[in-house]
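Below is the file protein04.cif, which contains mmCIF, C-alpha atoms.
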data_data
loop_
_atom_site.label_atom_id
_atom_site.label_comp_id
_atom_site.auth_asym_id
_atom_site.auth_seq_id
_atom_site.Cartn_x
_atom_site.Cartn_y
_atom_site.Cartn_z
CA MET A 167 68.58 86.47 -58.49
CA LYS A 168 64.85 86.09 -59.21
CA ARG A 169 65.64 83.46 -61.86
CA ILE A 170 67.73 81.50 -59.36
CA PHE A 171 64.88 81.54 -56.79
CA ASP A 172 62.39 80.53 -59.49
CA LYS A 173 64.65 77.66 -60.52
CA ILE A 174 64.98 76.51 -56.89
CA LYS A 175 61.19 76.62 -56.50
CA ARG A 176 60.72 74.64 -59.73
CA ASN A 177 63.26 72.04 -58.64
CA ARG A 178 61.61 71.75 -55.23
CA LEU A 179 58.21 71.28 -56.88
CA LEU A 180 59.62 68.62 -59.20
CA ILE A 181 61.07 66.75 -56.19
CA ILE A 182 57.72 66.87 -54.40
CA LEU A 183 55.82 65.67 -57.48
CA SER A 184 58.32 62.85 -58.00
CA VAL A 185 57.79 61.54 -54.44
CA ILE A 186 54.09 61.99 -53.66
CA GLY A 187 51.49 59.51 -54.83
CA PRO A 188 51.46 56.23 -52.90
CA GLY A 189 50.11 57.83 -49.71
CA ILE A 190 47.27 59.64 -51.48
CA ILE A 191 46.44 56.67 -53.72
CA THR A 192 46.47 54.06 -50.93
CA ALA A 193 44.24 56.09 -48.63
CA ASN A 194 41.76 56.99 -51.37
CA VAL A 195 41.41 53.45 -52.72
CA ASP A 196 40.17 52.56 -49.23
CA ASN A 197 36.95 54.27 -50.33
CA ASP A 198 36.06 51.27 -52.49
CA ALA A 199 32.62 49.76 -53.16
CA GLY A 200 32.44 48.34 -49.63
CA GLY A 201 33.57 51.57 -48.00
CA ILE A 202 31.09 53.68 -49.95
CA ALA A 203 28.31 51.25 -49.06
CA THR A 204 29.27 51.51 -45.37
CA TYR A 205 29.24 55.33 -45.37
CA SER A 206 25.99 55.46 -47.38
CA ILE A 207 24.24 53.13 -44.93
CA ALA A 208 25.66 55.07 -41.95
CA GLY A 209 24.25 58.36 -43.27
CA ALA A 210 20.88 56.97 -44.42
CA ASN A 211 20.21 54.86 -41.31
CA PHE A 212 21.87 56.89 -38.54
CA GLY A 213 21.94 60.45 -39.84
CA ASN A 214 24.95 62.51 -38.76
CA THR A 215 25.43 60.70 -35.43
CA LEU A 216 28.48 58.78 -36.68
CA LEU A 217 30.31 61.73 -38.25
CA TRP A 218 32.45 62.19 -35.12
CA THR A 219 34.08 58.80 -35.70
CA LEU A 220 35.90 60.20 -38.76
CA ILE A 221 38.25 62.28 -36.59
CA PRO A 222 39.79 59.40 -34.56
CA ILE A 223 39.66 57.16 -37.66
CA THR A 224 41.76 59.69 -39.61
CA LEU A 225 44.36 59.71 -36.81
CA ILE A 226 44.43 55.89 -36.69
CA LEU A 227 44.95 55.69 -40.45
CA ILE A 228 47.77 58.27 -40.36
CA ILE A 229 49.63 56.40 -37.59
CA VAL A 230 49.52 53.02 -39.36
CA GLN A 231 50.31 54.37 -42.84
CA GLU A 232 53.18 56.55 -41.61
CA MET A 233 54.93 53.55 -40.03
CA VAL A 234 54.58 51.56 -43.24
CA ALA A 235 55.92 54.45 -45.36
CA ARG A 236 58.88 54.84 -42.98
CA MET A 237 59.74 51.15 -43.29
CA ALA A 238 59.67 51.45 -47.08
CA ILE A 239 62.10 54.35 -47.34
CA VAL A 240 64.52 53.09 -44.68
CA SER A 241 64.67 49.42 -45.74
CA GLY A 242 64.01 49.80 -49.48
CA LYS A 243 61.94 46.60 -49.27
CA GLY A 244 58.27 45.64 -49.35
CA LEU A 245 56.40 44.52 -46.24
CA ALA A 246 56.08 40.87 -47.34
CA ASP A 247 59.80 40.84 -48.14
CA LEU A 248 60.63 42.08 -44.62
CA ILE A 249 58.29 39.60 -42.92
CA ARG A 250 59.90 36.74 -44.86
CA GLU A 251 63.41 37.91 -43.95
CA LYS A 252 62.64 38.47 -40.26
CA TYR A 253 60.19 35.64 -39.51
CA GLY A 254 60.78 33.04 -42.20
CA VAL A 255 59.00 31.59 -45.22
CA LYS A 256 56.43 29.71 -43.12
CA ALA A 257 55.10 32.92 -41.50
CA ILE A 258 54.68 34.76 -44.81
CA PHE A 259 53.26 31.65 -46.52
CA TYR A 260 50.29 31.34 -44.13
CA LEU A 261 49.77 35.11 -44.13
CA VAL A 262 49.72 35.15 -47.94
CA ILE A 263 47.17 32.31 -48.07
CA PHE A 264 44.68 34.26 -45.94
CA LEU A 265 45.41 37.53 -47.76
CA LEU A 266 44.92 35.89 -51.15
CA PHE A 267 41.57 34.46 -50.08
CA ALA A 268 40.44 37.86 -48.77
CA ASP A 269 41.63 39.75 -51.85
CA LEU A 270 39.92 37.37 -54.28
CA GLY A 271 36.63 38.04 -52.47
CA ASN A 272 37.33 41.78 -52.35
CA THR A 273 38.12 41.86 -56.08
CA VAL A 274 34.82 40.12 -56.84
CA ALA A 275 33.07 42.73 -54.67
CA GLU A 276 34.73 45.59 -56.60
CA PHE A 277 33.62 44.23 -59.98
CA ALA A 278 30.14 43.74 -58.51
CA GLY A 279 30.19 47.41 -57.45
CA LEU A 280 31.23 48.44 -60.98
CA ALA A 281 28.44 46.35 -62.49
CA ALA A 282 25.80 47.77 -60.12
CA ALA A 283 26.93 51.37 -60.65
CA MET A 284 26.92 51.14 -64.43
CA GLU A 285 23.53 49.41 -64.46
CA LEU A 286 22.20 52.44 -62.53
CA LEU A 287 23.47 54.49 -65.48
CA GLY A 288 21.73 52.16 -67.93
CA VAL A 289 24.68 50.05 -69.11
CA ASN A 290 24.55 46.24 -68.85
CA LYS A 291 27.18 44.51 -66.69
CA TYR A 292 28.02 42.08 -69.53
CA ILE A 293 29.42 45.10 -71.37
CA THR A 294 31.00 47.13 -68.56
CA VAL A 295 32.71 44.35 -66.58
CA PRO A 296 34.70 42.83 -69.51
CA ILE A 297 35.65 46.30 -70.81
CA GLY A 298 36.65 47.47 -67.30
CA ALA A 299 38.66 44.29 -66.64
CA PHE A 300 40.53 44.52 -69.95
CA GLY A 301 41.19 48.25 -69.43
CA ILE A 302 42.83 47.88 -66.02
CA TRP A 303 44.77 44.79 -67.15
CA TYR A 304 46.14 46.59 -70.23
CA MET A 305 47.00 49.71 -68.21
CA VAL A 306 49.30 47.82 -65.82
CA VAL A 307 50.74 45.16 -68.14
CA LYS A 308 51.58 47.61 -70.93
CA GLY A 309 52.31 50.67 -68.79
CA THR A 310 55.12 51.86 -66.52
CA TYR A 311 54.86 52.64 -62.81
CA ARG A 312 54.85 56.36 -63.58
CA SER A 313 52.04 56.15 -66.16
CA VAL A 314 49.95 53.85 -63.93
CA GLU A 315 50.41 56.18 -60.95
CA LYS A 316 49.21 59.17 -63.00
CA ILE A 317 46.01 57.30 -63.87
CA PHE A 318 45.51 56.34 -60.22
CA MET A 319 45.98 59.98 -59.15
CA LEU A 320 43.37 60.99 -61.73
CA ALA A 321 41.00 58.39 -60.26
CA CYS A 322 41.51 60.05 -56.86
CA LEU A 323 40.28 63.35 -58.34
CA ILE A 324 37.01 61.75 -59.50
CA TYR A 325 36.02 61.25 -55.84
CA ILE A 326 35.07 64.93 -55.99
CA THR A 327 31.69 63.70 -57.30
CA TYR A 328 30.80 62.76 -53.71
CA ILE A 329 31.81 66.17 -52.41
CA ILE A 330 29.58 67.79 -55.04
CA SER A 331 26.71 65.43 -54.09
CA GLY A 332 27.12 66.42 -50.44
CA VAL A 333 27.02 70.15 -51.28
CA MET A 334 24.02 69.66 -53.62
CA ALA A 335 22.13 68.05 -50.71
CA LYS A 336 22.10 71.51 -49.00
CA PRO A 337 22.57 70.25 -45.45
CA ASP A 338 22.30 72.33 -42.28
CA TRP A 339 26.04 72.97 -41.95
CA ASN A 340 25.78 74.14 -38.33
CA ALA A 341 24.15 70.84 -37.35
CA VAL A 342 26.68 68.90 -39.46
CA MET A 343 29.72 70.54 -37.86
CA THR A 344 28.23 70.10 -34.38
CA SER A 345 27.82 66.36 -35.07
CA LEU A 346 31.40 66.16 -36.33
CA VAL A 347 32.85 67.33 -32.99
CA THR A 348 30.21 65.86 -30.64
CA PRO A 349 30.65 62.14 -29.91
CA VAL A 350 27.39 60.21 -29.70
CA ILE A 351 27.60 57.04 -27.61
CA ASP A 352 24.82 54.58 -28.37
CA PHE A 353 25.05 50.99 -27.14
CA SER A 354 22.33 49.61 -29.39
CA PRO A 355 23.57 46.60 -31.44
CA SER A 356 22.85 48.28 -34.79
CA TYR A 357 24.77 51.45 -33.88
CA LEU A 358 27.75 49.49 -32.52
CA MET A 359 27.76 47.32 -35.66
CA MET A 360 27.85 50.43 -37.83
CA PHE A 361 30.66 51.93 -35.73
CA VAL A 362 32.69 48.73 -36.11
CA GLY A 363 31.93 48.71 -39.85
CA ILE A 364 33.22 52.27 -40.33
CA VAL A 365 36.46 51.57 -38.47
CA GLY A 366 36.87 48.23 -40.26
CA ALA A 367 36.38 49.88 -43.65
CA THR A 368 39.28 52.24 -42.92
CA VAL A 369 42.33 50.03 -42.27
CA ALA A 370 42.64 46.93 -44.46
CA PRO A 371 45.66 44.58 -44.44
CA TRP A 372 46.24 44.78 -48.20
CA MET A 373 46.65 48.59 -48.04
CA GLN A 374 49.88 48.30 -46.05
CA PHE A 375 51.45 45.93 -48.60
CA TYR A 376 50.46 48.12 -51.54
CA MET A 377 51.75 51.38 -50.13
CA GLN A 378 55.10 49.99 -49.01
CA ALA A 379 55.65 48.24 -52.36
CA SER A 380 54.72 51.47 -54.20
CA TYR A 381 57.22 53.63 -52.32
CA VAL A 382 59.92 51.00 -52.94
CA GLU A 383 59.19 50.76 -56.67
CA LYS A 384 59.05 54.56 -56.88
CA GLY A 385 62.57 54.69 -55.41
CA ALA A 386 61.67 56.92 -52.44
CA GLU A 387 64.57 57.56 -50.04
CA ILE A 388 65.13 58.72 -46.46
CA LYS A 389 65.90 62.27 -47.64
CA ASP A 390 62.30 62.41 -48.92
CA TYR A 391 60.81 61.51 -45.51
CA ASN A 392 59.17 64.88 -44.78
CA ILE A 393 57.47 64.97 -48.17
CA ILE A 394 56.35 61.34 -47.82
CA LYS A 395 54.94 62.04 -44.36
CA TRP A 396 52.77 64.79 -45.84
CA ASP A 397 51.79 62.51 -48.73
CA VAL A 398 50.43 60.08 -46.12
CA ILE A 399 48.72 62.76 -44.00
CA VAL A 400 47.05 64.48 -46.98
CA GLY A 401 45.88 61.11 -48.37
CA CYS A 402 44.35 60.04 -45.04
CA PHE A 403 42.68 63.43 -44.63
CA LEU A 404 41.24 63.47 -48.16
CA THR A 405 39.82 59.95 -47.98
CA ASN A 406 37.83 60.85 -44.86
CA VAL A 407 36.69 64.14 -46.38
CA VAL A 408 35.04 62.00 -49.08
CA ALA A 409 33.54 59.74 -46.38
CA PHE A 410 32.26 62.86 -44.59
CA PHE A 411 30.39 64.12 -47.66
CA ILE A 412 28.91 60.68 -48.43
CA ILE A 413 27.48 60.48 -44.90
CA VAL A 414 26.23 64.08 -45.06
CA ALA A 415 24.52 63.58 -48.45
CA CYS A 416 22.74 60.39 -47.37
CA SER A 417 21.85 61.82 -43.97
CA THR A 418 20.34 65.01 -45.40
CA ILE A 419 18.44 63.47 -48.29
CA LEU A 420 17.58 59.95 -47.10
CA PHE A 421 17.64 59.86 -43.28
CA GLU A 422 15.65 63.08 -42.91
CA ASN A 423 13.02 61.70 -45.30
CA GLY A 424 12.73 58.39 -43.44
CA ILE A 425 14.39 56.34 -46.21
CA ARG A 426 16.67 53.49 -45.11
CA VAL A 427 19.05 51.66 -47.45
CA GLU A 428 21.24 48.55 -47.38
CA SER A 429 23.72 49.35 -50.18
CA ALA A 430 25.37 52.18 -52.12
CA GLN A 431 23.27 51.27 -55.18
CA GLN A 432 20.04 51.72 -53.20
CA ALA A 433 21.35 55.06 -51.93
CA ALA A 434 22.03 56.26 -55.50
CA LEU A 435 18.56 55.19 -56.63
CA ALA A 436 16.88 56.82 -53.62
CA LEU A 437 18.69 60.10 -54.25
CA LYS A 438 17.10 60.53 -57.68
CA PRO A 439 13.52 61.54 -56.76
CA LEU A 440 14.63 63.58 -53.74
CA ALA A 441 17.84 65.31 -54.82
CA GLY A 442 17.43 65.23 -58.59
CA ARG A 443 18.80 63.17 -61.45
CA TYR A 444 22.25 64.81 -61.41
CA ALA A 445 22.92 64.02 -57.74
CA SER A 446 22.02 60.38 -58.40
CA ILE A 447 24.25 60.25 -61.50
CA LEU A 448 27.18 61.78 -59.60
CA PHE A 449 26.76 59.23 -56.81
CA ALA A 450 26.67 56.34 -59.31
CA LEU A 451 29.70 57.66 -61.21
CA GLY A 452 31.60 57.93 -57.94
CA LEU A 453 30.74 54.30 -57.13
CA ALA A 454 31.84 53.14 -60.61
CA ASN A 455 35.15 55.01 -60.31
CA ALA A 456 35.81 53.70 -56.78
CA SER A 457 35.03 50.11 -57.80
CA LEU A 458 37.22 50.19 -60.92
CA PHE A 459 40.02 51.94 -59.00
CA ALA A 460 40.02 49.26 -56.27
CA ALA A 461 39.58 46.44 -58.82
CA SER A 462 42.88 47.50 -60.40
CA ILE A 463 44.83 48.01 -57.14
CA LEU A 464 43.69 44.90 -55.25
CA PRO A 465 45.10 42.41 -57.82
CA LEU A 466 48.23 44.56 -58.09
CA THR A 467 48.68 44.44 -54.31
CA THR A 468 48.16 40.68 -54.25
CA ALA A 469 50.77 40.17 -56.97
CA TYR A 470 53.22 42.39 -55.04
CA TYR A 471 53.01 40.60 -51.69
CA ILE A 472 52.96 37.06 -53.11
CA CYS A 473 56.04 37.73 -55.25
CA GLU A 474 57.83 39.52 -52.39
CA GLY A 475 56.98 36.69 -50.00
CA MET A 476 58.20 34.02 -52.43
CA GLY A 477 61.28 35.98 -53.53
CA TRP A 478 60.11 36.44 -57.14
CA ASN A 479 60.62 39.51 -59.31
CA ALA A 480 57.83 42.06 -58.98
CA GLY A 481 57.06 45.52 -60.32
CA VAL A 482 55.02 47.41 -62.90
CA ASN A 483 58.24 48.69 -64.48
CA LYS A 484 59.32 45.15 -65.34
CA SER A 485 58.25 43.28 -68.48
CA PHE A 486 56.14 40.11 -68.57
CA LYS A 487 59.31 38.16 -69.37
CA GLU A 488 61.21 39.66 -66.40
CA ALA A 489 58.39 39.09 -63.88
CA PRO A 490 56.11 36.31 -65.22
CA GLN A 491 54.72 35.38 -61.78
CA PHE A 492 53.88 39.01 -60.98
CA PHE A 493 51.96 39.69 -64.19
CA GLY A 494 50.52 36.16 -64.27
CA LEU A 495 49.01 36.65 -60.80
CA TYR A 496 47.70 40.10 -61.72
CA THR A 497 46.04 38.70 -64.86
CA GLY A 498 44.60 35.66 -63.09
CA ILE A 499 43.03 37.63 -60.23
CA ILE A 500 41.38 40.13 -62.59
CA LEU A 501 40.00 37.27 -64.70
CA PHE A 502 38.69 35.51 -61.61
CA GLY A 503 36.96 38.62 -60.25
CA ALA A 504 35.42 39.68 -63.55
CA LEU A 505 34.20 36.23 -64.63
CA PHE A 506 32.80 35.44 -61.17
CA VAL A 507 30.59 38.54 -61.23
CA LEU A 508 29.17 37.58 -64.64
CA ILE A 509 27.85 34.22 -63.34
CA PRO A 510 24.08 34.62 -62.72
CA ASN A 511 22.56 34.32 -59.22
CA LEU A 512 25.82 34.17 -57.29
CA PRO A 513 25.66 34.91 -53.52
CA LEU A 514 27.84 38.02 -53.78
CA LEU A 515 26.85 39.25 -50.31
CA PHE A 516 28.05 35.98 -48.78
CA ILE A 517 31.35 36.23 -50.70
CA MET A 518 31.83 39.78 -49.41
CA TYR A 519 31.18 38.59 -45.86
CA LEU A 520 33.76 35.82 -46.19
CA SER A 521 36.37 38.23 -47.54
CA GLN A 522 35.73 40.58 -44.61
CA VAL A 523 36.18 37.69 -42.18
CA ALA A 524 39.50 36.84 -43.85
CA ASN A 525 40.56 40.51 -43.66
CA GLY A 526 39.65 40.54 -39.98
CA VAL A 527 41.67 37.40 -39.27
CA VAL A 528 44.80 38.68 -41.05
CA LEU A 529 44.83 42.35 -39.97
CA PRO A 530 45.94 41.79 -36.32
CA PHE A 531 48.91 39.70 -37.50
CA VAL A 532 49.90 42.28 -40.13
CA LEU A 533 49.72 45.09 -37.54
CA LEU A 534 51.83 43.11 -35.06
CA PHE A 535 54.45 42.44 -37.74
CA ILE A 536 54.50 46.17 -38.56
CA ILE A 537 55.04 47.25 -34.93
CA LYS A 538 57.77 44.63 -34.43
CA ILE A 539 59.65 45.51 -37.61
CA ILE A 540 59.38 49.29 -37.12
CA ASN A 541 61.11 48.86 -33.72
CA ASP A 542 63.92 46.68 -35.06
CA LYS A 543 67.00 48.87 -34.44
CA GLU A 544 69.19 46.73 -36.68
CA LEU A 545 66.90 47.44 -39.62
CA MET A 546 65.48 50.90 -38.85
CA GLY A 547 68.41 52.51 -36.98
CA GLU A 548 67.41 55.98 -35.75
CA TYR A 549 64.04 55.70 -37.52
CA THR A 550 62.46 53.33 -34.97
CA ASN A 551 59.42 54.60 -33.06
CA SER A 552 59.95 56.92 -30.11
CA ARG A 553 58.58 55.79 -26.74
CA VAL A 554 55.58 58.12 -27.01
CA TYR A 555 54.90 57.03 -30.59
CA ASN A 556 55.07 53.40 -29.48
CA VAL A 557 52.48 53.99 -26.76
CA ILE A 558 50.17 55.61 -29.31
CA SER A 559 50.88 52.88 -31.88
CA TYR A 560 50.27 50.00 -29.46
CA PHE A 561 47.03 51.63 -28.29
CA THR A 562 45.93 52.11 -31.91
CA ILE A 563 46.82 48.54 -32.87
CA THR A 564 45.10 47.10 -29.76
CA PHE A 565 41.97 49.09 -30.61
CA LEU A 566 42.05 47.87 -34.23
CA ILE A 567 42.55 44.27 -33.13
CA VAL A 568 39.52 44.48 -30.80
CA ILE A 569 37.47 46.01 -33.61
CA THR A 570 38.50 43.39 -36.19
CA ILE A 571 37.84 40.49 -33.80
CA THR A 572 34.39 41.99 -33.20
CA MET A 573 33.86 42.20 -36.97
CA VAL A 574 34.83 38.57 -37.44
CA LEU A 575 32.54 37.37 -34.65
CA VAL A 576 29.61 39.41 -35.97
CA ALA A 577 30.17 38.21 -39.53
CA ILE A 578 30.34 34.55 -38.39
CA PHE A 579 27.36 34.63 -36.04
#
Represent the supplied structure as structure tokens.
Amino acid sequence: MKRIFDKIKRNRLLIILSVIGPGIITANVDNDAGGIATYSIAGANFGNTLLWTLIPITLILIIVQEMVARMAIVSGKGLADLIREKYGVKAIFYLVIFLLFADLGNTVAEFAGLAAAMELLGVNKYITVPIGAFGIWYMVVKGTYRSVEKIFMLACLIYITYIISGVMAKPDWNAVMTSLVTPVIDFSPSYLMMFVGIVGATVAPWMQFYMQASYVEKGAEIKDYNIIKWDVIVGCFLTNVVAFFIIVACSTILFENGIRVESAQQAALALKPLAGRYASILFALGLANASLFAASILPLTTAYYICEGMGWNAGVNKSFKEAPQFFGLYTGIILFGALFVLIPNLPLLFIMYLSQVANGVVLPFVLLFIIKIINDKELMGEYTNSRVYNVISYFTITFLIVITITMVLVAIF
């Protein structure tokens, strides 16, 4: 009898391990170079006063990601594929143009983050960027979905460097936990800008396309819904735990010592004399991992949604011959991002701003497509949103649209 129960437990564990991944990976890759910079600046310039925002942000992320995961397992199709089928080629074409523009800028930003992080560790960008670019290209082109996912899950584990940095900062945990549950409302322009930045760094349009395509390629089914739901929830929770520790570390070490920063690289440098060499190294390693992680997933996402939208073959499990457009796009975007960063004296900050504007323009449309498709009874059957869930979803999406419009206006003006 004991053997039977042990076998059942093993089989259950194998089922869980075969399903989880996309939710955790998608949420964690949101902590890319831009996200880490945002949280570092929030902690260094505003202390713990913005920690409370992480609680509603986690809920927002869970709501959006759960709907996307549900669409994947019920329809068996990617988000771009569904938009094309429901709203026509013209709708997905214009959406893809804006997404492509945004993702090219984001990919450049990720390679810039990798270069900056490795230079903090004493390695020249003309060495690290080409090696990093070739490594992530080879991993996807020569690998399978399962092998690539294992590497991505390993990259998620390396975010623990930020948790260690936060603990090494030795914060006043009573004050930290009080700030976490006590909303601070400040109407100063700088505080509001930072609030908008934190929310904007959480939900990006490309994330939805990547996660849905991943569940589809993984072969997830409706019977796996409960496991997938927890995959999403755990991923969203973990990504904001990392954000929490980044803010706490920078607040404790930099804010309390009157040091203000404007980037994650400056934060890592400033940590060295105050928190010790190891804290600074951990922070830089975390930035390098996050940048390389996002630099591999962003081109992959772009290749997924363009091929889905155009009706071309897509998938890591396919060969170059079976999906030439998919792998060609992946290769081209990596080359563009890596080579762009190696050009001297480029206005990288301006490029990052433009990509954020493009993200802000596209996100409301992507969210509206998601809410429309998830409520399509013909497609989703009994898995459409309930009335209560719709109220929460529409409120969440309205809030995100207001935030992204604010981001676009601020970035332009």
For this session: List the residues matched by the PyMOL selection byres ((chain A and resi 277) around 8) in the displayed structure as a list of chain:residue names, ordered by chain and then by residue number.
Result: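 Selected by the PyMOL selection byres ((chain A and resi 277) around 8) here: A:Thr273, A:Val274, A:Ala275, A:Glu276, A:Ala278, A:Gly279, A:Leu280, A:Ala281, A:Val295, A:Ser457, A:Leu458, A:Ala461, A:Gly503, A:Ala504, A:Val507.
If all atoms listed in the file are the atoms counted, then among A:Thr550, A:Thr294, A:Thr468, A:Thr368 the closest residue to A:Asp196 is A:Thr368.
Excluding stretch 382-395 of chain A and any residue on its chain fewer than 3 positions from it, the residues at most 6 Å away by only C-alpha atoms are Ala238, Ile239, Val240, Gly242, Ala379 and Val398 of chain A.
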Problem set entry | Expansion of the PyMOL selection byres ((chain A and resi 567) around 12) into residues, as a ChimeraX atom specification | /A:362,365-366,369-371,525-534,560-566,568-574
Could you make a table, as a Markdown table, of the residues of stretch 464-566 of chain A that have an atom within 12 Å of an atom of stretch 311-329 of chain A, each with its nearest atom pair and distance in Å to one decimal, counting only C-alpha atoms, in chain and number order?
| residue | atom | partner | partner_atom | distance |
| --- | --- | --- | --- | --- |
| A:Leu466 | CA | A:Val314 | CA | 11.1 |
| A:Ala480 | CA | A:Tyr311 | CA | 11.6 |
| A:Gly481 | CA | A:Tyr311 | CA | 7.9 |
| A:Val482 | CA | A:Tyr311 | CA | 5.2 |
| A:Asn483 | CA | A:Tyr311 | CA | 5.5 |
| A:Lys484 | CA | A:Tyr311 | CA | 9.1 |
| A:Ser485 | CA | A:Tyr311 | CA | 11.5 |
Seminar exercise, completed: Pairwise distance, atom CA of A:Met546 with atom CA of A:Tyr260, equals 25.3 Å
